[in-house]
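Novice: See my_file15.cif below, with mmCIF, C-alpha atoms.
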```
data_structure
loop_
_atom_site.label_atom_id
_atom_site.label_comp_id
_atom_site.auth_asym_id
_atom_site.auth_seq_id
_atom_site.Cartn_x
_atom_site.Cartn_y
_atom_site.Cartn_z
CA MET A 1 18.95 77.00 54.41
CA ARG A 2 15.21 76.59 54.49
CA HIS A 3 13.76 73.30 55.68
CA VAL A 4 17.00 71.49 56.44
CA GLY A 5 15.10 68.75 58.25
CA LEU A 6 12.74 68.23 55.33
CA LYS A 7 15.59 68.20 52.82
CA ALA A 8 17.45 65.60 54.89
CA ARG A 9 14.36 63.41 55.18
CA MET A 10 13.58 63.83 51.48
CA ALA A 11 17.16 62.87 50.63
CA PHE A 12 16.91 59.71 52.71
CA VAL A 13 13.44 58.64 51.59
CA GLY A 14 14.12 59.82 48.05
CA SER A 15 17.20 57.61 47.89
CA LEU A 16 15.20 54.67 49.19
CA LEU A 17 12.43 55.22 46.66
CA PHE A 18 14.97 55.66 43.87
CA GLY A 19 16.59 52.44 45.02
CA PHE A 20 13.25 50.62 44.89
CA TYR A 21 12.57 52.06 41.44
CA ALA A 22 16.06 51.22 40.16
CA VAL A 23 15.73 47.61 41.32
CA ALA A 24 12.33 47.36 39.65
CA ALA A 25 13.70 48.85 36.42
CA VAL A 26 16.71 46.52 36.39
CA VAL A 27 14.51 43.49 37.00
CA LEU A 28 12.13 44.52 34.22
CA MET A 29 15.10 45.00 31.90
CA GLY A 30 16.31 41.55 32.91
CA LEU A 31 12.93 40.08 32.04
CA PHE A 32 12.23 42.00 28.84
CA GLY A 33 15.70 42.98 27.64
CA GLU A 34 17.77 46.17 27.76
CA SER A 35 15.75 47.69 24.96
CA ALA A 36 12.86 47.95 27.42
CA LEU A 37 14.63 50.72 29.38
CA PRO A 38 13.32 53.68 27.31
CA LEU A 39 9.86 52.17 27.50
CA ILE A 40 10.15 51.79 31.27
CA LEU A 41 11.27 55.40 31.69
CA VAL A 42 8.66 56.88 29.37
CA GLY A 43 6.00 54.64 30.84
CA SER A 44 6.90 55.76 34.36
CA VAL A 45 6.68 59.45 33.46
CA LEU A 46 3.36 58.94 31.68
CA PHE A 47 1.99 56.88 34.56
CA VAL A 48 2.80 59.56 37.14
CA GLY A 49 1.72 62.40 34.85
CA ILE A 50 -1.66 60.89 34.09
CA GLN A 51 -2.21 60.11 37.77
CA TYR A 52 -1.44 63.75 38.62
CA LYS A 53 -3.80 65.16 36.01
CA ILE A 54 -6.66 62.81 36.78
CA GLY A 55 -6.20 63.25 40.52
CA LYS A 56 -6.46 67.04 40.29
CA TRP A 57 -9.52 66.93 38.04
CA ALA A 58 -11.24 64.29 40.15
CA ALA A 59 -10.57 66.11 43.44
CA LEU A 60 -12.17 69.34 42.21
CA ARG A 61 -15.06 67.56 40.58
CA SER A 62 -15.79 65.36 43.58
CA VAL A 63 -16.55 68.37 45.79
CA SER A 64 -18.21 70.38 42.97
CA ALA A 65 -15.84 73.26 43.60
CA GLU A 66 -16.65 76.64 42.05
CA ASP A 67 -14.52 79.72 41.69
CA LEU A 68 -14.52 81.87 44.81
CA PRO A 69 -16.13 85.13 43.69
CA GLU A 70 -13.83 88.08 44.30
CA ASP A 71 -16.69 90.52 44.80
CA ARG A 72 -18.12 88.42 47.63
CA PHE A 73 -14.81 87.50 49.24
CA PRO A 74 -12.43 90.40 48.49
CA GLN A 75 -10.55 89.98 51.76
CA ILE A 76 -9.69 86.36 51.07
CA HIS A 77 -8.45 87.17 47.59
CA LYS A 78 -6.33 89.99 48.99
CA GLN A 79 -4.95 87.72 51.72
CA VAL A 80 -3.98 85.07 49.19
CA GLU A 81 -2.43 87.64 46.85
CA TYR A 82 -0.34 89.03 49.67
CA LEU A 83 0.68 85.62 50.99
CA SER A 84 1.52 84.33 47.50
CA THR A 85 3.73 87.33 46.78
CA ASP A 86 5.46 86.89 50.12
CA MET A 87 5.99 83.19 49.50
CA GLY A 88 7.28 83.81 45.98
CA ILE A 89 4.56 81.92 44.15
CA GLU A 90 1.85 82.86 41.68
CA LYS A 91 -1.53 83.37 43.23
CA PRO A 92 -3.36 80.04 42.91
CA ARG A 93 -6.91 79.65 41.72
CA LEU A 94 -9.33 80.03 44.63
CA MET A 95 -12.40 77.86 44.78
CA VAL A 96 -15.19 77.22 47.24
CA ALA A 97 -17.28 74.11 47.80
CA ARG A 98 -20.02 72.94 50.08
CA MET A 99 -18.36 69.96 51.79
CA GLY A 100 -20.55 69.59 54.84
CA VAL A 101 -17.59 70.15 57.17
CA PRO A 102 -15.03 72.91 57.63
CA ASN A 103 -12.21 71.96 55.28
CA ALA A 104 -9.65 73.20 52.78
CA PHE A 105 -7.18 71.52 50.49
CA ALA A 106 -4.68 72.34 47.78
CA VAL A 107 -4.07 70.62 44.48
CA GLY A 108 -1.68 71.31 41.64
CA ARG A 109 1.78 72.76 41.55
CA LYS A 110 3.59 76.09 41.57
CA GLY A 111 2.18 78.25 38.84
CA ALA A 112 -0.85 76.00 38.43
CA GLY A 113 -2.16 75.57 41.93
CA THR A 114 -5.69 75.55 43.25
CA VAL A 115 -6.87 76.05 46.82
CA VAL A 116 -10.36 74.94 47.74
CA VAL A 117 -12.06 76.06 50.93
CA SER A 118 -15.40 74.89 52.18
CA GLU A 119 -18.27 77.26 52.90
CA GLU A 120 -18.49 75.69 56.32
CA LEU A 121 -14.88 76.66 57.08
CA LEU A 122 -15.50 80.24 56.02
CA GLN A 123 -18.55 80.38 58.25
CA LEU A 124 -16.85 78.83 61.28
CA LEU A 125 -13.47 80.59 61.35
CA ASP A 126 -12.68 84.25 61.77
CA ALA A 127 -10.56 86.16 59.26
CA ASP A 128 -7.22 85.51 60.99
CA GLU A 129 -7.89 81.81 61.29
CA VAL A 130 -8.87 81.59 57.62
CA GLU A 131 -5.62 83.35 56.78
CA GLY A 132 -3.70 80.76 58.79
CA VAL A 133 -5.41 77.95 56.87
CA LEU A 134 -4.72 79.64 53.53
CA ALA A 135 -1.07 80.14 54.44
CA HIS A 136 -0.79 76.43 55.20
CA GLU A 137 -2.32 75.46 51.85
CA LEU A 138 -0.13 77.90 49.95
CA ALA A 139 2.89 76.40 51.68
CA HIS A 140 1.89 73.00 50.31
CA ILE A 141 1.90 74.47 46.80
CA ARG A 142 5.19 76.27 47.29
CA ASN A 143 6.87 73.17 48.73
CA ARG A 144 5.56 71.02 45.85
CA ASP A 145 3.95 68.64 48.33
CA VAL A 146 1.19 67.54 45.97
CA VAL A 147 3.69 66.67 43.23
CA MET A 148 5.93 64.83 45.71
CA MET A 149 3.07 62.66 46.93
CA VAL A 150 2.02 61.84 43.37
CA LEU A 151 5.61 60.87 42.63
CA GLY A 152 5.83 58.73 45.76
CA GLN A 153 2.60 56.89 44.99
CA GLY A 154 3.71 56.47 41.39
CA ILE A 155 7.01 54.88 42.41
CA ALA A 156 5.21 52.58 44.85
CA SER A 157 2.83 51.48 42.10
CA ILE A 158 5.62 50.90 39.57
CA VAL A 159 7.65 48.85 42.04
CA ALA A 160 4.52 46.85 42.89
CA ILE A 161 3.86 46.17 39.21
CA ALA A 162 7.45 45.05 38.73
CA ALA A 163 7.17 42.71 41.74
CA GLN A 164 3.97 41.22 40.31
CA TRP A 165 5.64 40.58 36.94
CA ILE A 166 8.63 38.94 38.61
CA VAL A 167 6.36 36.51 40.43
CA LEU A 168 4.22 35.83 37.37
CA LEU A 169 7.09 35.24 34.97
CA THR A 170 9.04 33.01 37.34
CA GLY A 171 6.07 30.76 38.13
CA ASP A 172 3.94 28.06 36.56
CA ASN A 173 0.95 30.31 35.78
CA ASP A 174 -1.39 28.34 37.99
CA LEU A 175 -3.92 29.87 40.43
CA ALA A 176 -1.45 29.93 43.30
CA ASP A 177 1.15 31.82 41.23
CA PHE A 178 -1.40 34.30 39.96
CA PHE A 179 -2.68 34.87 43.50
CA LEU A 180 0.89 35.16 44.84
CA ALA A 181 1.66 37.79 42.20
CA ILE A 182 -1.30 39.92 43.26
CA VAL A 183 -0.55 39.55 46.96
CA VAL A 184 3.17 40.29 46.56
CA GLY A 185 2.36 43.36 44.49
CA GLN A 186 0.01 44.75 47.13
CA ILE A 187 2.41 44.02 50.00
CA VAL A 188 5.29 45.69 48.16
CA GLN A 189 3.13 48.74 47.48
CA LEU A 190 2.14 48.98 51.15
CA ILE A 191 5.75 48.68 52.31
CA VAL A 192 6.92 51.46 49.99
CA MET A 193 4.00 53.63 51.03
CA VAL A 194 5.10 53.44 54.69
CA PHE A 195 8.08 55.61 53.69
CA VAL A 196 6.02 57.92 51.49
CA LEU A 197 3.49 58.49 54.27
CA ALA A 198 6.21 59.24 56.81
CA ILE A 199 7.27 62.07 54.51
CA SER A 200 3.65 63.16 54.07
CA ARG A 201 3.27 63.60 57.84
CA TYR A 202 6.50 65.56 58.06
CA ARG A 203 5.46 67.80 55.18
CA GLU A 204 2.34 68.73 57.13
CA TYR A 205 4.53 69.98 59.96
CA VAL A 206 6.62 71.92 57.48
CA ALA A 207 3.54 73.54 55.95
CA ASP A 208 2.42 74.48 59.47
CA SER A 209 5.83 75.98 60.15
CA ASP A 210 5.78 77.96 56.89
CA ALA A 211 2.29 79.23 57.65
CA ALA A 212 3.45 80.27 61.11
CA ALA A 213 6.39 82.13 59.57
CA GLU A 214 3.93 84.15 57.49
CA VAL A 215 1.08 84.88 59.87
CA GLY A 216 2.20 83.54 63.25
CA GLY A 217 1.37 80.16 64.77
CA GLU A 218 -1.75 81.18 66.69
CA PRO A 219 -4.21 81.68 63.77
CA LEU A 220 -3.72 78.17 62.40
CA ALA A 221 -3.53 76.62 65.89
CA SER A 222 -6.76 78.37 66.78
CA ALA A 223 -8.38 77.19 63.54
CA LEU A 224 -7.36 73.57 64.15
CA GLU A 225 -8.56 73.75 67.74
CA LYS A 226 -11.91 75.26 66.80
CA ILE A 227 -12.51 72.64 64.13
CA SER A 228 -11.46 69.68 66.27
CA ARG A 229 -13.62 70.95 69.18
CA GLY A 230 -16.56 71.06 66.82
CA SER A 231 -15.74 67.56 65.63
CA GLU A 232 -15.61 66.20 69.22
CA ARG A 233 -19.01 67.73 69.99
CA ALA A 234 -20.45 66.14 66.87
CA GLN A 235 -19.01 62.75 67.77
CA ASP A 236 -20.56 62.93 71.23
CA SER A 237 -23.92 63.53 69.66
CA ALA A 238 -25.89 60.47 68.68
CA ILE A 239 -27.69 62.50 66.04
CA ASP A 240 -24.73 63.10 63.73
CA GLU A 241 -24.74 59.91 61.71
CA GLN A 242 -22.40 61.13 59.01
CA VAL A 243 -19.60 61.92 61.46
CA SER A 244 -20.08 58.68 63.39
CA ALA A 245 -19.85 56.79 60.10
CA LEU A 246 -16.37 58.23 59.67
CA CYS A 247 -15.19 56.98 63.07
CA ILE A 248 -14.91 53.31 62.42
CA PHE A 249 -13.79 50.69 64.91
CA GLY A 250 -11.29 52.89 66.72
CA GLU A 251 -8.51 51.87 64.40
CA GLU A 252 -7.26 55.44 64.20
CA ARG A 253 -5.10 54.78 67.23
CA GLY A 254 -3.58 51.41 66.18
CA LEU A 255 -0.07 50.77 64.88
CA LEU A 256 -1.24 50.38 61.29
CA ALA A 257 -3.24 53.59 61.48
CA THR A 258 -0.17 55.39 62.84
CA LEU A 259 2.15 53.97 60.17
CA PHE A 260 -0.26 54.75 57.36
CA ALA A 261 -1.45 58.16 58.58
CA SER A 262 -0.94 60.94 56.06
CA HIS A 263 -1.39 63.65 58.72
CA PRO A 264 0.14 64.00 62.16
CA PRO A 265 -2.25 64.15 65.14
CA VAL A 266 -4.00 67.50 65.40
CA GLU A 267 -3.01 67.92 69.06
CA LYS A 268 0.66 67.65 68.17
CA ARG A 269 0.29 70.17 65.36
CA ILE A 270 -1.41 72.66 67.69
CA GLU A 271 1.30 72.14 70.30
CA ARG A 272 4.08 72.77 67.77
CA LEU A 273 2.36 75.84 66.38
CA ARG A 274 2.11 77.34 69.86
CA ASN A 275 5.73 76.60 70.87
CA MET B 1 4.78 20.81 49.25
CA ASP B 2 5.41 23.68 46.83
CA THR B 3 7.05 26.67 48.55
CA ARG B 4 5.38 29.24 46.33
CA THR B 5 1.97 27.78 47.02
CA VAL B 6 2.55 27.89 50.79
CA LEU B 7 3.84 31.45 50.46
CA ALA B 8 0.76 32.42 48.45
CA ALA B 9 -1.48 30.98 51.16
CA VAL B 10 0.35 32.56 54.10
CA LEU B 11 0.83 35.99 52.53
CA GLY B 12 -2.68 36.00 51.08
CA VAL B 13 -4.29 35.28 54.43
CA GLY B 14 -1.98 37.77 56.15
CA LEU B 15 -2.77 40.55 53.70
CA GLY B 16 -6.47 39.75 53.93
CA LEU B 17 -6.37 40.06 57.72
CA VAL B 18 -4.65 43.45 57.42
CA LEU B 19 -7.38 44.68 55.07
CA LEU B 20 -10.04 43.41 57.47
CA ALA B 21 -8.43 44.93 60.55
CA ALA B 22 -7.36 48.31 59.16
CA PRO B 23 -9.33 49.35 56.08
CA GLY B 24 -8.78 53.05 56.79
CA ALA B 25 -5.02 52.66 56.86
CA VAL B 26 -5.07 50.65 53.65
CA ARG B 27 -7.30 53.20 51.97
CA THR B 28 -4.89 56.00 52.92
CA ALA B 29 -1.95 54.03 51.56
CA TYR B 30 -3.63 53.64 48.18
CA SER B 31 -5.10 57.13 47.90
CA VAL B 32 -2.11 59.32 48.89
CA GLY B 33 -0.87 60.96 45.71
CA ARG B 34 -4.10 60.15 43.92
CA SER B 35 -6.48 62.40 45.82
CA PRO B 36 -5.90 65.16 48.38
CA GLN B 37 -5.72 63.56 51.81
CA ASP B 38 -7.61 66.39 53.38
CA ARG B 39 -10.44 66.60 50.89
CA ARG B 40 -13.06 65.05 53.16
CA GLY B 41 -13.46 65.16 56.91
CA GLU B 42 -12.62 68.21 59.00
CA TYR B 43 -9.65 70.42 58.21
CA GLY B 44 -6.50 69.22 59.94
CA SER B 45 -7.29 65.54 59.86
CA ALA B 46 -6.53 62.95 57.28
CA GLU B 47 -9.23 62.01 54.84
CA ARG B 48 -11.53 59.36 56.18
CA ALA B 49 -13.52 57.23 53.87
CA GLY B 50 -17.15 56.47 54.46
CA ARG B 51 -18.60 53.19 55.52
CA ARG B 52 -19.01 52.04 51.91
CA VAL B 53 -15.32 52.26 51.05
CA HIS B 54 -14.35 50.53 54.28
CA SER B 55 -16.86 47.77 53.57
CA LEU B 56 -15.40 47.33 50.10
CA ILE B 57 -11.87 47.05 51.47
CA ARG B 58 -13.02 44.56 54.08
CA ALA B 59 -14.77 42.53 51.37
CA VAL B 60 -11.53 42.39 49.38
CA GLY B 61 -9.74 41.37 52.58
CA ALA B 62 -12.21 38.57 53.16
CA ALA B 63 -11.70 37.42 49.58
CA PHE B 64 -7.92 37.33 50.09
CA VAL B 65 -8.37 35.26 53.24
CA LEU B 66 -10.72 32.81 51.53
CA VAL B 67 -8.54 32.40 48.46
CA GLY B 68 -5.46 32.09 50.67
CA LEU B 69 -7.12 29.35 52.71
CA TYR B 70 -8.21 27.57 49.54
CA VAL B 71 -4.70 27.72 48.07
CA GLY B 72 -3.30 26.46 51.37
CA TRP B 73 -5.77 23.61 51.45
CA GLN B 74 -4.81 22.70 47.89
CA ALA B 75 -1.14 22.67 48.89
CA LEU B 76 -1.85 20.36 51.83
CA ALA B 77 -4.06 18.09 49.75
CA VAL B 78 -1.29 17.45 47.18
#
```
Take the structure I supplied and represent it as C-alpha cells, if you would.
Specialist:
Amino acid sequence: MRHVGLKARMAFVGSLLFGFYAVAAVVLMGLFGESALPLILVGSVLFVGIQYKIGKWAALRSVSAEDLPEDRFPQIHKQVEYLSTDMGIEKPRLMVARMGVPNAFAVGRKGAGTVVVSEELLQLLDADEVEGVLAHELAHIRNRDVVMMVLGQGIASIVAIAAQWIVLLTGDNDLADFFLAIVVGQIVQLIVMVFVLAISRYREYVADSDAAAEVGGEPLASALEKISRGSERAQDSAIDEQVSALCIFGEERGLLATLFASHPPVEKRIERLRN
Amino acid sequence: MDTRTVLAAVLGVGLGLVLLAAPGAVRTAYSVGRSPQDRRGEYGSAERAGRRVHSLIRAVGAAFVLVGLYVGWQALAV
C-alpha cells in the first residue's frame, strides 16, 4: 500500500479535524436550531470551495506567472509529460514567473493542476535537478496536497467562527465579551492549525519520497542543496537587503516556528533523500 | 470580578504576546491552505513574509495586548 505512514497520519489528524468540525456543527445547531444543519454543511462547502478558487487565482496572479513556452523549453515539457504519465495524472499546466529567487510551487488538483517555476530556478539548476523539483511538485498534485491544506484551513476557520459565536451568544455583548470572542476564535484557529501544519510537513517528506521514486533522490537533494547554499551566501552578504528582510529576529528556530512550520528543515529533507 | 472579563484580559494579552514574538509562525498558520507555502522565498523553504506583513502582525499583537490590559484594568476597577 502506498504511503502507509501518510494514510495513518491523515486518519488520525483527519479524525481530529472531523471531531472539531462536528463539535462546532453541533454547537451551531444548538444555538440556531436543527434546521441550521443544511445551511452549515452547504456553507462549509462553499467556504472551502471559494477559498480554493481564490487562493489558486491569487497565487498565480501574485507572481505574474505566464505559460511556459513549449518551443523554448521543450525538454521541461517532455519531462513533465513523462513524469505525469508515470504518476498517473494529467499533465498540469506549466507556467514560469520571475520571482527573484529560485522557486517552484504547485496549485490546483488532479486534472486541473498548475506548476509554476521561476526563471531563476531554471537558470540555477541543471536539467536533472529541475526534473527532481518538477517530480516533487507533481507529487503534490497527485497526492492532493493542495486540496488537503485548503480543507484543513477551512475546518480551522469554521471551528474558529463557531467558537466566536459561542462566546458572543453566551455573553452580555459588552466590550470584554466581544474582545473575548475574537481572541477565543483566533486561539482556536491556531490550535487546530498546529495539527494541519504537522500534516503539511509530513506531506513534504512524502512528495520528496515520491519524487525520489521517479527520478532518484540525488537530483532533488542536489537542487535543495544548491539553492540553500546560494541562500546562505546571500545572507552573509550585507548587500542583499531583500533576503535579510526575510530573516527576521531568528524566530525560525523557536518552538512556535517549529510548531507552525509548513515545511520540514531543508537539511533533514536532503538527508532523507540521500538515505 | 467577572470571570469572562478576566479571561478576555489574560487570553488577549497572551495572544498579543504570541503575535509580537512570532509573527512568521502566525502568518504561516493563517496562510496555509490559502496561498502556496512555497510561493516566495527559495525553493525548499517555507514562505516567508516580508517586513511589512510581519510589522502588520506585530501591530495587531500590540493592539491585542493594549486592549487586553484595558479590559483587565476595567475588571480590577469594578
Novice: Just how far from atom CA of A:Val146 is atom CA of B:Val60, in Å to one decimal?
Specialist: 28.4 Å
Novice: Excluding A:Ser64 and any residue of its chain fewer than 3 positions from it, enumerate the residues within 10 Å of it, using only C-alpha atoms, and give them as an MDAnalysis selection string.
Specialist: chainID A and resid 58:61 95:99
Novice: Using the selection just defined, write its residues with C-alpha atoms as a JSON list (two decimals), in the frame of the given file.
Specialist:
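Full text of again_0.json as output:
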```json
[["chain", "number", "residue", "atom", "x", "y", "z"],
["A", 58, "ALA", "CA", -11.24, 64.29, 40.15],
["A", 59, "ALA", "CA", -10.57, 66.11, 43.44],
["A", 60, "LEU", "CA", -12.17, 69.34, 42.21],
["A", 61, "ARG", "CA", -15.06, 67.56, 40.58],
["A", 95, "MET", "CA", -12.40, 77.86, 44.78],
["A", 96, "VAL", "CA", -15.19, 77.22, 47.24],
["A", 97, "ALA", "CA", -17.28, 74.11, 47.80],
["A", 98, "ARG", "CA", -20.02, 72.94, 50.08],
["A", 99, "MET", "CA", -18.36, 69.96, 51.79]]
```
Novice: Considering all atoms listed in the file, return as a VMD selection string whatever protein or nucleic-acid residues lie within 12 Å of B:Gly33, sequence-local ones (same chain, fewer than 3 positions apart) excluded.
Specialist: (chain A and resid 48 to 56 59 107 to 108 144 to 157 193 196 to 197 200 262) or (chain B and resid 27 to 30 36 to 38)
Novice: Translate the PyMOL selection byres ((chain A and resi 134) around 10), as applied to the file shown, into an explicit residue set as a VMD selection string.
Specialist: chain A and resid 76 79 to 80 83 to 84 104 to 106 115 to 117 128 to 133 135 to 140 211 220
Novice: Suppose we keep C-alpha atoms; can you now write the selection as a CSV table (one decimal), in the coordinates of the input?
Specialist:
```csv
chain,number,residue,atom,x,y,z
A,76,ILE,CA,-9.7,86.4,51.1
A,79,GLN,CA,-5.0,87.7,51.7
A,80,VAL,CA,-4.0,85.1,49.2
A,83,LEU,CA,0.7,85.6,51.0
A,84,SER,CA,1.5,84.3,47.5
A,104,ALA,CA,-9.6,73.2,52.8
A,105,PHE,CA,-7.2,71.5,50.5
A,106,ALA,CA,-4.7,72.3,47.8
A,115,VAL,CA,-6.9,76.0,46.8
A,116,VAL,CA,-10.4,74.9,47.7
A,117,VAL,CA,-12.1,76.1,50.9
A,128,ASP,CA,-7.2,85.5,61.0
A,129,GLU,CA,-7.9,81.8,61.3
A,130,VAL,CA,-8.9,81.6,57.6
A,131,GLU,CA,-5.6,83.4,56.8
A,132,GLY,CA,-3.7,80.8,58.8
A,133,VAL,CA,-5.4,78.0,56.9
A,135,ALA,CA,-1.1,80.1,54.4
A,136,HIS,CA,-0.8,76.4,55.2
A,137,GLU,CA,-2.3,75.5,51.8
A,138,LEU,CA,-0.1,77.9,50.0
A,139,ALA,CA,2.9,76.4,51.7
A,140,HIS,CA,1.9,73.0,50.3
A,211,ALA,CA,2.3,79.2,57.6
A,220,LEU,CA,-3.7,78.2,62.4
```
Novice: Give me the result of the PyMOL selection byres ((chain A and resi 27-33) around 9) on this file, residue by residue, as number ranges by chain.
Specialist: A: 22-26, 34-37, 40, 162-163, 165-166, 169
Novice: Name the closest residue to chain B among the candidates A:Gln123, A:Thr170, A:Asn103, A:Ile182; distances are taken between atoms, counting all atoms listed in the file.
Specialist: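 Closest residue, counting all atoms listed in the file: A:Asn103.
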Novice: As JSON, what would the box around stretch 53-71 of chain A look like: edges along x, y and z, 6 Å added on every side, centre and edge lengths in Å to one decimal?
Specialist:
```
{"center_x": -11.0, "center_y": 76.7, "center_z": 40.9, "size_x": 26.4, "size_y": 39.7, "size_z": 21.8}
```
Novice: When the PyMOL selection byres ((chain B and resi 16) around 8) is applied to the structure above, which residues does it catch, written out as a tab-separated table (two decimals) with C-alpha atoms, in the coordinates of the input?
Specialist:
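Final output, selection-v9.tsv:
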```tsv
chain	number	residue	atom	x	y	z
B	12	GLY	CA	-2.68	36.00	51.08
B	13	VAL	CA	-4.29	35.28	54.43
B	14	GLY	CA	-1.98	37.77	56.15
B	15	LEU	CA	-2.77	40.55	53.70
B	17	LEU	CA	-6.37	40.06	57.72
B	18	VAL	CA	-4.65	43.45	57.42
B	19	LEU	CA	-7.38	44.68	55.07
B	20	LEU	CA	-10.04	43.41	57.47
B	60	VAL	CA	-11.53	42.39	49.38
B	61	GLY	CA	-9.74	41.37	52.58
B	62	ALA	CA	-12.21	38.57	53.16
B	63	ALA	CA	-11.70	37.42	49.58
B	64	PHE	CA	-7.92	37.33	50.09
B	65	VAL	CA	-8.37	35.26	53.24
```
Novice: With distances taken over all atoms listed in the file, which of B:Ala59, B:Leu69, B:Thr5, B:Leu76 is nearest to chain A?
Specialist: B:Thr5
Novice: Just the residues within 12 Å of A:Arg201, please, counting all atoms listed in the file, with nothing from its chain fewer than 6 positions along; format it as an NGL selection string.
Specialist: (:A and (6 or 9 or 145 or 149 or 194-195 or 207-208 or 258-266 or 268-269)) or (:B and (32 or 37 or 44-46))
Novice: Check the smallest atom-to-atom distance from each of A:Leu122, A:Ala257, A:Leu94, A:Ile158 to A:Val192 using all atoms listed in the file, then report the winner.
Specialist: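 Using all atoms listed in the file, A:Val192 sits closest to A:Ile158.
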Novice: So the first atom is atom CA of A:Glu119 and the second is atom CA of A:Val101; what is the distance between them in Å, to one decimal place?
Specialist: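 That distance, rounded to one decimal, is 8.3 Å.
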Novice: Do a neighbour search on A:Glu271 at 8 Å with only C-alpha atoms, toss out local chain neighbours closer than 4 positions, and write the hits as a PyMOL selection string.
Specialist: chain A and resi 221+267+275
Novice: With all atoms listed in the file as the atoms that count, which of B:Val26, B:Val67, B:Leu56, B:Ala75 lies nearest to B:Arg4?
Specialist: B:Ala75
Novice: Show which residues sit within 8 Å of stretch 6-11 of chain B, as an mmCIF file with C-alpha atoms, keeping the file's coordinate frame. Count all atoms listed in the file, and ignore same-chain residues fewer than 3 positions away.
Specialist:
```
data_model
loop_
_atom_site.group_PDB
_atom_site.id
_atom_site.type_symbol
_atom_site.label_atom_id
_atom_site.label_comp_id
_atom_site.auth_asym_id
_atom_site.auth_seq_id
_atom_site.Cartn_x
_atom_site.Cartn_y
_atom_site.Cartn_z
ATOM 1 C CA ALA A 176 -1.450 29.930 43.300
ATOM 2 C CA ASP A 177 1.150 31.820 41.230
ATOM 3 C CA PHE A 179 -2.680 34.870 43.500
ATOM 4 C CA LEU A 180 0.890 35.160 44.840
ATOM 5 C CA VAL A 183 -0.550 39.550 46.960
ATOM 6 C CA VAL A 184 3.170 40.290 46.560
ATOM 7 C CA MET B 1 4.780 20.810 49.250
ATOM 8 C CA ASP B 2 5.410 23.680 46.830
ATOM 9 C CA THR B 3 7.050 26.670 48.550
ATOM 10 C CA GLY B 14 -1.980 37.770 56.150
ATOM 11 C CA LEU B 15 -2.770 40.550 53.700
ATOM 12 C CA VAL B 67 -8.540 32.400 48.460
ATOM 13 C CA GLY B 68 -5.460 32.090 50.670
ATOM 14 C CA LEU B 69 -7.120 29.350 52.710
ATOM 15 C CA TYR B 70 -8.210 27.570 49.540
ATOM 16 C CA VAL B 71 -4.700 27.720 48.070
ATOM 17 C CA GLY B 72 -3.300 26.460 51.370
ATOM 18 C CA ALA B 75 -1.140 22.670 48.890
#
```
Novice: Separation of atom CA of A:Met10 and atom CA of A:Val206, in Å?
Specialist: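 One can read the atom CA of A:Met10 to atom CA of A:Val206 distance as 12.2 Å.
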Novice: Taking into account all atoms listed in the file, which residue in the set A:Gly111, A:Gly217, A:Gly14, A:Gly230 is nearest to chain B?
Specialist: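 Ranking A:Gly111, A:Gly217, A:Gly14, A:Gly230 by distance to chain B, first place goes to A:Gly230.
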